[in-house]
$ cat entry.txt   # compact mmCIF, C-alpha atoms and all ligand atoms
# COMPACT_ATOMS: atom_id res chain seq x y z
CA MET A 3 12.92 -65.99 56.82
CA GLY A 4 14.70 -63.25 54.89
CA ILE A 5 16.03 -63.74 51.39
CA GLU A 6 19.61 -64.22 52.72
CA GLY A 7 18.59 -67.60 54.09
CA ILE A 8 17.37 -68.79 50.70
CA LYS A 9 19.97 -70.88 48.85
CA THR A 10 17.88 -73.73 47.44
CA LEU A 11 14.61 -73.26 45.58
CA GLY A 12 12.17 -76.15 45.24
CA ILE A 13 10.12 -76.09 42.03
CA LEU A 14 7.16 -78.46 41.73
CA GLY A 15 6.32 -79.13 38.08
CA ALA A 16 8.92 -79.36 35.31
CA GLY A 17 6.64 -78.30 32.44
CA GLN A 18 6.65 -75.01 30.57
CA MET A 19 6.13 -72.82 33.65
CA GLY A 20 8.06 -74.85 36.25
CA GLY A 21 10.90 -75.38 33.79
CA GLY A 22 10.99 -71.66 33.06
CA ILE A 23 11.08 -70.78 36.77
CA ALA A 24 13.85 -73.36 37.36
CA HIS A 25 15.75 -71.85 34.41
CA VAL A 26 15.73 -68.30 35.82
CA ALA A 27 16.43 -69.53 39.38
CA ALA A 28 19.50 -71.55 38.31
CA ALA A 29 20.70 -68.71 36.08
CA ALA A 30 20.39 -66.35 39.08
CA GLY A 31 22.70 -68.64 41.11
CA TYR A 32 20.20 -70.63 43.19
CA ASP A 33 20.44 -74.37 43.70
CA VAL A 34 17.22 -75.85 42.34
CA VAL A 35 15.36 -79.01 43.30
CA LEU A 36 13.06 -79.67 40.32
CA VAL A 37 10.34 -82.22 41.02
CA ASP A 38 7.73 -83.76 38.72
CA ILE A 39 5.61 -86.91 38.90
CA SER A 40 8.49 -89.15 37.72
CA ASP A 41 12.27 -88.99 37.42
CA GLU A 42 11.83 -89.07 33.62
CA ARG A 43 9.47 -86.07 33.56
CA ALA A 44 11.77 -84.09 35.86
CA GLU A 45 14.86 -85.02 33.80
CA ALA A 46 13.03 -84.05 30.58
CA GLY A 47 12.32 -80.64 32.12
CA LYS A 48 16.00 -80.24 33.02
CA ALA A 49 17.05 -81.30 29.50
CA GLY A 50 14.74 -78.62 28.05
CA ILE A 51 16.39 -75.98 30.26
CA ALA A 52 19.86 -77.13 29.13
CA LYS A 53 18.74 -76.86 25.49
CA ARG A 54 17.38 -73.32 25.93
CA MET A 55 20.54 -72.29 27.80
CA GLY A 56 22.56 -73.73 24.90
CA SER A 57 20.72 -71.48 22.48
CA ALA A 58 21.39 -68.48 24.76
CA VAL A 59 25.13 -69.36 24.56
CA ARG A 60 24.96 -69.51 20.74
CA LYS A 61 23.36 -66.05 20.70
CA GLY A 62 26.17 -64.73 22.93
CA ARG A 63 23.75 -64.00 25.82
CA THR A 64 25.78 -66.11 28.26
CA THR A 65 28.97 -68.22 28.25
CA GLN A 66 29.12 -72.01 28.00
CA ALA A 67 30.77 -72.13 31.45
CA GLU A 68 27.92 -70.11 33.01
CA ALA A 69 25.28 -72.23 31.28
CA ASP A 70 26.97 -75.48 32.40
CA ALA A 71 27.24 -74.20 35.98
CA ALA A 72 23.55 -73.20 35.98
CA VAL A 73 22.39 -76.58 34.66
CA ALA A 74 24.60 -78.35 37.22
CA ARG A 75 22.77 -76.45 40.00
CA ILE A 76 19.50 -78.20 39.07
CA SER A 77 18.75 -81.60 40.58
CA ALA A 78 15.77 -83.27 38.92
CA THR A 79 13.73 -85.98 40.62
CA GLY A 80 10.33 -87.59 40.86
CA ASP A 81 10.52 -87.68 44.65
CA MET A 82 8.78 -84.84 46.51
CA GLN A 83 10.71 -85.70 49.68
CA ALA A 84 13.66 -83.91 48.03
CA PHE A 85 11.87 -80.66 49.00
CA ALA A 86 13.06 -81.23 52.59
CA SER A 87 16.26 -79.39 51.54
CA ALA A 88 14.44 -76.43 49.93
CA ASP A 89 14.42 -72.97 51.55
CA PHE A 90 11.50 -71.69 49.43
CA ILE A 91 9.16 -73.76 47.28
CA ILE A 92 7.22 -72.68 44.17
CA GLU A 93 4.45 -74.93 42.88
CA ALA A 94 3.84 -74.85 39.13
CA ALA A 95 1.76 -77.98 38.59
CA THR A 96 -1.25 -78.35 36.29
CA GLU A 97 -3.97 -75.74 36.87
CA ASN A 98 -6.48 -77.95 38.67
CA VAL A 99 -7.95 -77.00 42.04
CA ASP A 100 -8.18 -80.49 43.54
CA LEU A 101 -4.64 -81.34 42.46
CA LYS A 102 -3.24 -78.12 43.92
CA LEU A 103 -5.06 -78.61 47.23
CA ARG A 104 -3.68 -82.14 47.49
CA LEU A 105 -0.15 -81.05 46.58
CA PHE A 106 -0.15 -78.22 49.13
CA ALA A 107 -1.19 -80.58 51.93
CA GLN A 108 1.80 -82.77 50.93
CA LEU A 109 4.21 -79.84 50.58
CA ASP A 110 3.21 -78.67 54.05
CA GLU A 111 4.26 -82.07 55.46
CA ILE A 112 7.59 -82.17 53.62
CA ALA A 113 8.80 -78.56 53.77
CA ARG A 114 10.69 -77.49 56.88
CA PRO A 115 8.82 -75.18 59.28
CA GLY A 116 9.14 -71.56 58.17
CA VAL A 117 9.66 -72.38 54.49
CA ILE A 118 7.39 -70.27 52.27
CA LEU A 119 5.17 -72.11 49.79
CA GLY A 120 4.46 -70.09 46.63
CA THR A 121 1.98 -71.07 43.94
CA ASN A 122 2.16 -70.10 40.29
CA THR A 123 -1.60 -70.50 39.91
CA SER A 124 -3.01 -68.13 37.30
CA SER A 125 -6.41 -67.76 38.93
CA ILE A 126 -7.17 -70.17 41.81
CA SER A 127 -7.77 -68.60 45.25
CA ILE A 128 -4.52 -68.36 47.26
CA THR A 129 -6.61 -68.18 50.43
CA ARG A 130 -8.19 -71.54 49.61
CA ILE A 131 -4.80 -73.12 48.86
CA GLY A 132 -3.27 -71.70 52.07
CA ALA A 133 -6.16 -73.04 54.16
CA VAL A 134 -5.24 -76.69 53.46
CA THR A 135 -1.83 -76.16 55.05
CA GLY A 136 -0.77 -75.65 58.65
CA ARG A 137 1.12 -72.52 57.55
CA PRO A 138 -1.43 -70.26 55.78
CA THR A 139 0.60 -67.15 56.70
CA GLN A 140 3.46 -68.60 54.65
CA VAL A 141 1.51 -69.36 51.48
CA VAL A 142 1.61 -66.78 48.69
CA GLY A 143 0.74 -66.38 45.00
CA MET A 144 3.70 -65.97 42.64
CA HIS A 145 2.26 -65.76 39.14
CA PHE A 146 4.97 -65.88 36.47
CA MET A 147 4.26 -65.18 32.79
CA ASN A 148 5.06 -67.46 29.86
CA PRO A 149 7.80 -67.69 28.55
CA VAL A 150 9.26 -67.16 32.03
CA PRO A 151 12.88 -66.45 30.97
CA VAL A 152 11.66 -63.65 28.67
CA MET A 153 8.75 -62.08 30.51
CA LYS A 154 9.74 -59.53 33.16
CA LEU A 155 6.59 -59.66 35.29
CA VAL A 156 5.68 -61.62 38.39
CA GLU A 157 2.29 -60.93 39.90
CA ILE A 158 2.43 -61.37 43.69
CA ILE A 159 -0.79 -62.22 45.52
CA SER A 160 -1.29 -62.20 49.28
CA SER A 161 -4.13 -64.32 50.59
CA LEU A 162 -6.38 -63.25 53.44
CA GLN A 163 -3.77 -64.79 55.76
CA THR A 164 -0.38 -64.21 54.07
CA SER A 165 1.94 -62.40 56.52
CA GLU A 166 3.84 -59.19 55.79
CA ASP A 167 7.12 -61.11 56.26
CA THR A 168 6.11 -63.68 53.66
CA LEU A 169 5.12 -60.94 51.24
CA ALA A 170 8.40 -59.02 51.74
CA THR A 171 10.53 -62.16 51.26
CA THR A 172 8.59 -63.17 48.15
CA LEU A 173 8.93 -59.72 46.58
CA ALA A 174 12.67 -59.75 47.31
CA LEU A 175 13.08 -63.24 45.84
CA ALA A 176 11.22 -62.35 42.63
CA GLU A 177 13.48 -59.32 42.26
CA ALA A 178 16.56 -61.49 42.86
CA LEU A 179 15.32 -63.61 39.94
CA GLY A 180 15.46 -60.46 37.80
CA LYS A 181 11.71 -59.88 37.73
CA THR A 182 9.53 -56.82 38.28
CA CYS A 183 6.62 -57.36 40.65
CA VAL A 184 3.09 -56.06 40.84
CA GLN A 185 0.82 -56.88 43.75
CA ALA A 186 -2.77 -57.95 43.23
CA ARG A 187 -5.62 -58.87 45.55
CA ASP A 188 -6.70 -62.48 45.90
CA MET A 189 -9.76 -62.19 43.69
CA PRO A 190 -10.56 -64.35 40.63
CA GLY A 191 -7.98 -63.80 37.86
CA PHE A 192 -5.95 -61.43 40.09
CA ALA A 193 -4.94 -58.43 37.88
CA VAL A 194 -3.35 -59.93 34.74
CA ASN A 195 -5.99 -62.49 33.86
CA ARG A 196 -8.87 -60.30 35.05
CA ILE A 197 -7.96 -58.01 32.16
CA LEU A 198 -6.24 -60.31 29.67
CA MET A 199 -8.83 -63.10 29.48
CA PRO A 200 -11.91 -60.93 28.79
CA TYR A 201 -9.81 -59.25 26.05
CA ILE A 202 -8.96 -62.62 24.49
CA ASN A 203 -12.55 -63.82 24.98
CA GLU A 204 -13.84 -60.70 23.21
CA ALA A 205 -11.57 -61.49 20.26
CA PHE A 206 -13.31 -64.90 20.01
CA CYS A 207 -16.72 -63.14 20.23
CA ALA A 208 -15.68 -60.79 17.40
CA LEU A 209 -14.49 -63.73 15.29
CA TYR A 210 -17.73 -65.63 16.02
CA GLU A 211 -19.81 -62.64 14.92
CA GLY A 212 -17.76 -62.24 11.73
CA ILE A 213 -16.56 -58.76 12.67
CA ALA A 214 -13.23 -59.55 11.00
CA SER A 215 -11.16 -62.59 10.06
CA ALA A 216 -8.86 -64.18 12.65
CA LYS A 217 -5.83 -62.80 10.85
CA ASP A 218 -7.31 -59.30 10.65
CA ILE A 219 -8.32 -59.32 14.33
CA ASP A 220 -4.71 -60.14 15.20
CA VAL A 221 -3.20 -57.64 12.79
CA ALA A 222 -5.62 -54.97 14.07
CA MET A 223 -4.49 -55.41 17.66
CA LYS A 224 -0.83 -56.09 16.88
CA LEU A 225 -0.27 -53.07 14.66
CA GLY A 226 -3.04 -50.96 16.18
CA THR A 227 -1.98 -51.31 19.82
CA ASN A 228 1.65 -52.44 19.53
CA VAL A 229 1.32 -55.77 21.35
CA PRO A 230 3.80 -58.52 20.32
CA MET A 231 1.01 -60.98 19.42
CA GLY A 232 -2.62 -60.45 18.46
CA PRO A 233 -5.19 -61.85 20.94
CA LEU A 234 -5.99 -65.02 18.95
CA THR A 235 -2.31 -65.86 18.41
CA LEU A 236 -1.74 -65.24 22.11
CA ALA A 237 -4.67 -67.52 22.99
CA ASP A 238 -3.12 -70.29 20.87
CA PHE A 239 0.20 -69.65 22.63
CA ILE A 240 -1.35 -69.82 26.14
CA GLY A 241 -3.61 -72.78 25.29
CA LEU A 242 -7.33 -72.44 24.54
CA ASP A 243 -8.19 -74.86 27.39
CA THR A 244 -6.32 -72.62 29.83
CA CYS A 245 -8.11 -69.51 28.48
CA LEU A 246 -11.50 -71.22 28.86
CA ALA A 247 -10.68 -72.48 32.36
CA ILE A 248 -9.73 -68.96 33.48
CA MET A 249 -12.91 -67.48 31.95
CA GLU A 250 -14.86 -70.05 33.95
CA VAL A 251 -13.05 -69.07 37.15
CA LEU A 252 -14.01 -65.42 36.47
CA HIS A 253 -17.62 -66.34 35.61
CA ASP A 254 -18.04 -68.61 38.67
CA GLY A 255 -16.19 -66.24 40.99
CA PHE A 256 -18.07 -63.05 40.10
CA GLY A 257 -21.34 -64.54 38.82
CA ASP A 258 -21.38 -61.76 36.25
CA SER A 259 -22.52 -62.54 32.67
CA LYS A 260 -19.84 -60.23 31.27
CA TYR A 261 -17.37 -63.06 31.93
CA ARG A 262 -19.34 -65.67 29.95
CA ALA A 263 -16.97 -67.64 27.72
CA SER A 264 -17.40 -67.24 23.97
CA PRO A 265 -19.23 -70.26 22.49
CA LEU A 266 -16.55 -70.37 19.79
CA LEU A 267 -13.74 -70.64 22.36
CA ARG A 268 -15.69 -73.48 23.99
CA LYS A 269 -16.11 -75.25 20.62
CA TYR A 270 -12.37 -75.17 19.92
CA VAL A 271 -11.74 -76.75 23.32
CA GLU A 272 -14.44 -79.39 22.75
CA ALA A 273 -12.75 -80.22 19.42
CA GLY A 274 -9.38 -80.66 21.15
CA LEU A 275 -7.94 -77.79 19.07
CA LEU A 276 -6.09 -76.28 22.02
CA GLY A 277 -3.57 -74.11 20.21
CA LYS A 278 0.14 -74.43 19.55
CA LYS A 279 0.63 -77.35 21.93
CA THR A 280 -1.76 -79.58 19.93
CA GLY A 281 -0.60 -78.29 16.53
CA ARG A 282 -3.91 -76.56 15.85
CA GLY A 283 -6.05 -73.91 17.48
CA VAL A 284 -7.34 -70.81 15.77
CA TYR A 285 -4.34 -71.29 13.47
CA ASP A 286 -2.74 -74.42 12.04
CA TYR A 287 0.87 -74.96 13.15
CA ARG A 288 1.36 -78.42 11.65
CA GLU A 289 3.04 -77.19 8.45
CA ALA A 290 5.28 -74.69 10.22
N1 LIG B 301 11.72 -69.90 26.56
C1 LIG B 301 12.81 -69.12 26.62
N2 LIG B 301 13.06 -68.12 25.76
C2 LIG B 301 12.19 -67.94 24.76
C3 LIG B 301 11.04 -68.74 24.61
C4 LIG B 301 10.83 -69.76 25.56
N3 LIG B 301 9.74 -70.54 25.53
N4 LIG B 301 10.36 -68.30 23.50
C5 LIG B 301 11.06 -67.28 22.99
N5 LIG B 301 12.15 -67.06 23.74
C6 LIG B 301 13.17 -66.02 23.55
C7 LIG B 301 13.95 -66.25 22.29
O1 LIG B 301 15.03 -67.12 22.52
C8 LIG B 301 14.44 -64.84 21.97
O2 LIG B 301 15.55 -64.55 22.80
P1 LIG B 301 16.72 -63.54 22.36
O3 LIG B 301 16.10 -62.15 22.33
O4 LIG B 301 17.72 -63.69 23.43
O5 LIG B 301 17.17 -63.99 21.01
C9 LIG B 301 13.26 -63.94 22.46
O6 LIG B 301 12.50 -64.76 23.37
C10 LIG B 301 12.39 -63.52 21.30
O7 LIG B 301 11.92 -64.72 20.67
P2 LIG B 301 11.70 -64.89 19.10
O8 LIG B 301 12.62 -63.94 18.37
O9 LIG B 301 11.73 -66.33 18.76
O10 LIG B 301 10.20 -64.50 18.87
P3 LIG B 301 9.42 -63.17 19.17
O11 LIG B 301 10.27 -61.96 19.04
O12 LIG B 301 8.21 -63.31 18.34
O13 LIG B 301 9.03 -63.28 20.72
C11 LIG B 301 7.62 -63.92 22.46
C12 LIG B 301 8.33 -64.37 21.21
C13 LIG B 301 8.63 -63.51 23.54
C14 LIG B 301 6.80 -65.12 22.94
C15 LIG B 301 6.70 -62.68 22.10
O14 LIG B 301 5.92 -62.97 20.98
C16 LIG B 301 5.81 -62.24 23.22
O15 LIG B 301 6.24 -61.55 24.12
N6 LIG B 301 4.51 -62.65 23.16
C17 LIG B 301 3.55 -62.36 24.19
C18 LIG B 301 3.75 -63.32 25.34
C19 LIG B 301 2.77 -63.06 26.45
O16 LIG B 301 1.92 -62.20 26.42
N7 LIG B 301 2.92 -63.86 27.51
C20 LIG B 301 2.04 -63.80 28.63
C21 LIG B 301 0.96 -64.78 28.43
S1 LIG B 301 -0.17 -64.70 29.77
C22 LIG B 301 0.50 -65.65 30.94
O17 LIG B 301 1.52 -66.27 30.82
C23 LIG B 301 -0.27 -65.70 32.19
C24 LIG B 301 -1.41 -66.62 32.28
O18 LIG B 301 -1.78 -66.96 33.39
C25 LIG B 301 -2.16 -67.13 31.11

$ encode --input "entry.txt" --output "structure tokens" --more "lines below"
Ligand code: CAA
Amino acid sequence: MGIEGIKTLGILGAGQMGGGIAHVAAAAGYDVVLVDISDERAEAGKAGIAKRMGSAVRKGRTTQAEADAAVARISATGDMQAFASADFIIEAATENVDLKLRLFAQLDEIARPGVILGTNTSSISITRIGAVTGRPTQVVGMHFMNPVPVMKLVEIISSLQTSEDTLATTLALAEALGKTCVQARDMPGFAVNRILMPYINEAFCALYEGIASAKDIDVAMKLGTNVPMGPLTLADFIGLDTCLAIMEVLHDGFGDSKYRASPLLRKYVEAGLLGKKTGRGVYDYREA
């Protein structure tokens, strides 16, 4: 199917990533079917999008009429059967292999034949996900960055079986959403996390060894290499559990000790100090 046939996007997962993808899809003029595990969760995701669009209106980035029209294009539900009307589906559920494999088997049953199934996984094998469906040539990796409305990149990953048609349609769709694409091979971490996570992990190793304080590590990289956030602030922003999980995917996938997770990163996760989302990670956000 070419991009002309795509009018309705199905988004599975109304959290930070799914909500962000639904936001850009609705803003780009697509009808969106936003599904989560309950009507309440899906509606909460839609309410979050409406709130962020409201703040874009206040900043003069869009008009109230455009924001209202975009929000009205999103239908939120807890019922996956609603994906029967979708022309392209993007899964952005929790990063858990067993969950994703189960969801893809279900999506394959519900989606019409020919509908492409994209996954926003940050590191799980696309080939493995595609293999649980009856349409492995139409399964593709579509890795958005957080926060989705702000970040320009989408990393596109073809599995061993993804067809050229699927790849071309997916690239065109990501561009229609206003994103710039890079293509990466279906290997652990793809390109972004293959490079980003060892960098973040090394910042934890440096902190553990007392090379510099957390603040100085972040200032060093922020002012020294012109990144918007230092590596430890970024880790808190991504979630330390997610960073650890991706390091483990790299370590398991390559079997190379250079991907061994920092013991300090592991300790933070064991303590439940997962970063911004729990109020505390490397830094304390509870007072802010
Ligand atoms: N949703 C929508 N918009 C958001 C947002 C969100 N969650 N957070 C911030 N924004 C918008 C703000 O509204 C603001 O918009 P305007 O320019 O229109 O006013 C803009 O982003 C800048 O925000 P702020 O002024 O509040 O803050 P900032 O200048 O410090 O920028 C940031 C915040 C965009 C998050 C910036 O710090 C940044 O780019 N950080 C790095 C983010 C990054 O590296 N992301 C990738 C993580 S890796 C990943 O996602 C992949 C993976 O698999 C782990």

$ residues_around --input "entry.txt" --residues "Gly180 in chain A" --least-positions-apart "6" --cutoff "12 Å" --atoms "all atoms listed in the file" --output "count of residues only"
18

$ atom_distance --input "entry.txt" --atom1 "atom N6 of ligand LIG 301 (chain B)" --atom2 "CA of Met19 in chain A"
14.7 Å

$ residues_near_ligand --input "entry.txt" --ligand "ligand LIG 301 (chain B)" --cutoff "6 Å" --atoms "all atoms listed in the file" --output "PDB file with C-alpha atoms, keeping the file's coordinate frame"
ATOM      1  CA  SER A 124      -3.010 -68.130  37.300  1.00  0.00           C
ATOM      2  CA  MET A 147       4.260 -65.180  32.790  1.00  0.00           C
ATOM      3  CA  ASN A 148       5.060 -67.460  29.860  1.00  0.00           C
ATOM      4  CA  PRO A 149       7.800 -67.690  28.550  1.00  0.00           C
ATOM      5  CA  PRO A 151      12.880 -66.450  30.970  1.00  0.00           C
ATOM      6  CA  VAL A 152      11.660 -63.650  28.670  1.00  0.00           C
ATOM      7  CA  PRO A 230       3.800 -58.520  20.320  1.00  0.00           C
ATOM      8  CA  MET A 231       1.010 -60.980  19.420  1.00  0.00           C
ATOM      9  CA  ILE A 240      -1.350 -69.820  26.140  1.00  0.00           C
TER      10      ILE A 240
END

$ atom_distance --input "entry.txt" --atom1 "CA of Gly7 in chain A" --atom2 "CA of Met144 in chain A"
18.9 Å

$ closest_residue --input "entry.txt" --among "A:Ser87, A:Thr121, A:Thr96, A:Thr79" --to "Gly17 in chain A" --atoms "only C-alpha atoms"
A:Thr96

$ residues_around --input "entry.txt" --residues "range 271-278 of chain A" --least-positions-apart "3" --cutoff "12 Å" --atoms "all atoms listed in the file" --output "PyMOL selection string"
chain A and resi 234-247+263-268+281-290

$ write_last_selection --input "entry.txt" --atoms "C-alpha atoms" --output "mmCIF file, in the frame of the given file"
data_model
loop_
_atom_site.group_PDB
_atom_site.id
_atom_site.type_symbol
_atom_site.label_atom_id
_atom_site.label_comp_id
_atom_site.auth_asym_id
_atom_site.auth_seq_id
_atom_site.Cartn_x
_atom_site.Cartn_y
_atom_site.Cartn_z
ATOM 1 C CA LEU A 234 -5.990 -65.020 18.950
ATOM 2 C CA THR A 235 -2.310 -65.860 18.410
ATOM 3 C CA LEU A 236 -1.740 -65.240 22.110
ATOM 4 C CA ALA A 237 -4.670 -67.520 22.990
ATOM 5 C CA ASP A 238 -3.120 -70.290 20.870
ATOM 6 C CA PHE A 239 0.200 -69.650 22.630
ATOM 7 C CA ILE A 240 -1.350 -69.820 26.140
ATOM 8 C CA GLY A 241 -3.610 -72.780 25.290
ATOM 9 C CA LEU A 242 -7.330 -72.440 24.540
ATOM 10 C CA ASP A 243 -8.190 -74.860 27.390
ATOM 11 C CA THR A 244 -6.320 -72.620 29.830
ATOM 12 C CA CYS A 245 -8.110 -69.510 28.480
ATOM 13 C CA LEU A 246 -11.500 -71.220 28.860
ATOM 14 C CA ALA A 247 -10.680 -72.480 32.360
ATOM 15 C CA ALA A 263 -16.970 -67.640 27.720
ATOM 16 C CA SER A 264 -17.400 -67.240 23.970
ATOM 17 C CA PRO A 265 -19.230 -70.260 22.490
ATOM 18 C CA LEU A 266 -16.550 -70.370 19.790
ATOM 19 C CA LEU A 267 -13.740 -70.640 22.360
ATOM 20 C CA ARG A 268 -15.690 -73.480 23.990
ATOM 21 C CA GLY A 281 -0.600 -78.290 16.530
ATOM 22 C CA ARG A 282 -3.910 -76.560 15.850
ATOM 23 C CA GLY A 283 -6.050 -73.910 17.480
ATOM 24 C CA VAL A 284 -7.340 -70.810 15.770
ATOM 25 C CA TYR A 285 -4.340 -71.290 13.470
ATOM 26 C CA ASP A 286 -2.740 -74.420 12.040
ATOM 27 C CA TYR A 287 0.870 -74.960 13.150
ATOM 28 C CA ARG A 288 1.360 -78.420 11.650
ATOM 29 C CA GLU A 289 3.040 -77.190 8.450
ATOM 30 C CA ALA A 290 5.280 -74.690 10.220
#

$ atom_distance --input "entry.txt" --atom1 "CA of Ile158 in chain A" --atom2 "CA of Val141 in chain A"
11.2 Å

$ closest_atom_pairs --input "entry.txt" --of "range 58-150 of chain A" --to "range 10-14 of chain A" --cutoff "9 Å" --atoms "only C-alpha atoms" --output "Markdown table"
| residue | atom | partner | partner_atom | distance |
| --- | --- | --- | --- | --- |
| A:Met82 | CA | A:Leu14 | CA | 8.1 |
| A:Ala84 | CA | A:Gly12 | CA | 8.4 |
| A:Phe85 | CA | A:Gly12 | CA | 5.9 |
| A:Ala86 | CA | A:Gly12 | CA | 9.0 |
| A:Ser87 | CA | A:Thr10 | CA | 7.2 |
| A:Ala88 | CA | A:Thr10 | CA | 5.0 |
| A:Asp89 | CA | A:Thr10 | CA | 5.4 |
| A:Phe90 | CA | A:Leu11 | CA | 5.2 |
| A:Ile91 | CA | A:Gly12 | CA | 4.4 |
| A:Ile92 | CA | A:Ile13 | CA | 5.0 |
| A:Glu93 | CA | A:Leu14 | CA | 4.6 |
| A:Ala94 | CA | A:Leu14 | CA | 5.6 |
| A:Ala95 | CA | A:Leu14 | CA | 6.3 |

$ residues_around --input "entry.txt" --residues "range 67-72 of chain A" --least-positions-apart "5" --cutoff "12 Å" --atoms "all atoms listed in the file" --output "list in words"
Ala24, His25, Val26, Ala27, Ala28, Ala29, Ala30, Gly31, Tyr32, Asp33, Val34, Lys48, Ala49, Ile51, Ala52, Lys53, Arg54, Met55, Gly56, Ser57, Ala58, Val59, Arg60, Gly62 and Ser77 of chain A

$ write_last_selection --input "entry.txt" --atoms "C-alpha atoms" --output "tab-separated table (two decimals), keeping the file's coordinate frame"
chain	number	residue	atom	x	y	z
A	24	ALA	CA	13.85	-73.36	37.36
A	25	HIS	CA	15.75	-71.85	34.41
A	26	VAL	CA	15.73	-68.30	35.82
A	27	ALA	CA	16.43	-69.53	39.38
A	28	ALA	CA	19.50	-71.55	38.31
A	29	ALA	CA	20.70	-68.71	36.08
A	30	ALA	CA	20.39	-66.35	39.08
A	31	GLY	CA	22.70	-68.64	41.11
A	32	TYR	CA	20.20	-70.63	43.19
A	33	ASP	CA	20.44	-74.37	43.70
A	34	VAL	CA	17.22	-75.85	42.34
A	48	LYS	CA	16.00	-80.24	33.02
A	49	ALA	CA	17.05	-81.30	29.50
A	51	ILE	CA	16.39	-75.98	30.26
A	52	ALA	CA	19.86	-77.13	29.13
A	53	LYS	CA	18.74	-76.86	25.49
A	54	ARG	CA	17.38	-73.32	25.93
A	55	MET	CA	20.54	-72.29	27.80
A	56	GLY	CA	22.56	-73.73	24.90
A	57	SER	CA	20.72	-71.48	22.48
A	58	ALA	CA	21.39	-68.48	24.76
A	59	VAL	CA	25.13	-69.36	24.56
A	60	ARG	CA	24.96	-69.51	20.74
A	62	GLY	CA	26.17	-64.73	22.93
A	77	SER	CA	18.75	-81.60	40.58

$ residues_around --input "entry.txt" --residues "range 197-207 of chain A" --least-positions-apart "2" --cutoff "6 Å" --atoms "only C-alpha atoms" --output "ChimeraX atom specification"
/A:194-195,209-210,233,264

$ write_last_selection --input "entry.txt" --atoms "C-alpha atoms" --output "compact mmCIF listing (two decimals), in the coordinates of the input"
# COMPACT_ATOMS: atom_id res chain seq x y z
CA VAL A 194 -3.35 -59.93 34.74
CA ASN A 195 -5.99 -62.49 33.86
CA LEU A 209 -14.49 -63.73 15.29
CA TYR A 210 -17.73 -65.63 16.02
CA PRO A 233 -5.19 -61.85 20.94
CA SER A 264 -17.40 -67.24 23.97

$ closest_residue --input "entry.txt" --among "A:Asp38, A:Asp254, A:Glu166, A:Glu157" --to "Gln140 in chain A" --atoms "all atoms listed in the file"
A:Glu166

$ residues_around --input "entry.txt" --residues "Pro190 in chain A" --least-positions-apart "4" --cutoff "12 Å" --atoms "all atoms listed in the file" --output "list in words"
Thr123, Ser124, Ser125, Ile126, Ser127, Ile128, Thr129, Arg130, Ile159, Ser161, Ala186, Val194, Asn195, Arg196, Ile197, Met199, Ala247, Ile248, Met249, Glu250, Val251, Leu252, His253, Asp254, Gly255, Phe256, Gly257, Asp258 and Tyr261 of chain A

$ write_last_selection --input "entry.txt" --atoms "C-alpha atoms" --output "compact mmCIF listing (two decimals), in the frame of the given file"
# COMPACT_ATOMS: atom_id res chain seq x y z
CA THR A 123 -1.60 -70.50 39.91
CA SER A 124 -3.01 -68.13 37.30
CA SER A 125 -6.41 -67.76 38.93
CA ILE A 126 -7.17 -70.17 41.81
CA SER A 127 -7.77 -68.60 45.25
CA ILE A 128 -4.52 -68.36 47.26
CA THR A 129 -6.61 -68.18 50.43
CA ARG A 130 -8.19 -71.54 49.61
CA ILE A 159 -0.79 -62.22 45.52
CA SER A 161 -4.13 -64.32 50.59
CA ALA A 186 -2.77 -57.95 43.23
CA VAL A 194 -3.35 -59.93 34.74
CA ASN A 195 -5.99 -62.49 33.86
CA ARG A 196 -8.87 -60.30 35.05
CA ILE A 197 -7.96 -58.01 32.16
CA MET A 199 -8.83 -63.10 29.48
CA ALA A 247 -10.68 -72.48 32.36
CA ILE A 248 -9.73 -68.96 33.48
CA MET A 249 -12.91 -67.48 31.95
CA GLU A 250 -14.86 -70.05 33.95
CA VAL A 251 -13.05 -69.07 37.15
CA LEU A 252 -14.01 -65.42 36.47
CA HIS A 253 -17.62 -66.34 35.61
CA ASP A 254 -18.04 -68.61 38.67
CA GLY A 255 -16.19 -66.24 40.99
CA PHE A 256 -18.07 -63.05 40.10
CA GLY A 257 -21.34 -64.54 38.82
CA ASP A 258 -21.38 -61.76 36.25
CA TYR A 261 -17.37 -63.06 31.93

$ closest_residue --input "entry.txt" --among "A:Arg187, A:Lys9, A:Arg137, A:Lys224" --to "Glu111 in chain A" --atoms "all atoms listed in the file"
A:Arg137

$ closest_residue --input "entry.txt" --among "A:Glu211, A:Gly226, A:Gly116, A:Gln108" --to "Thr168 in chain A" --atoms "all atoms listed in the file"
A:Gly116

$ closest_residue --input "entry.txt" --among "A:Leu169, A:Leu103, A:Ala113, A:Ile76" --to "Thr139 in chain A" --atoms "only C-alpha atoms"
A:Leu169
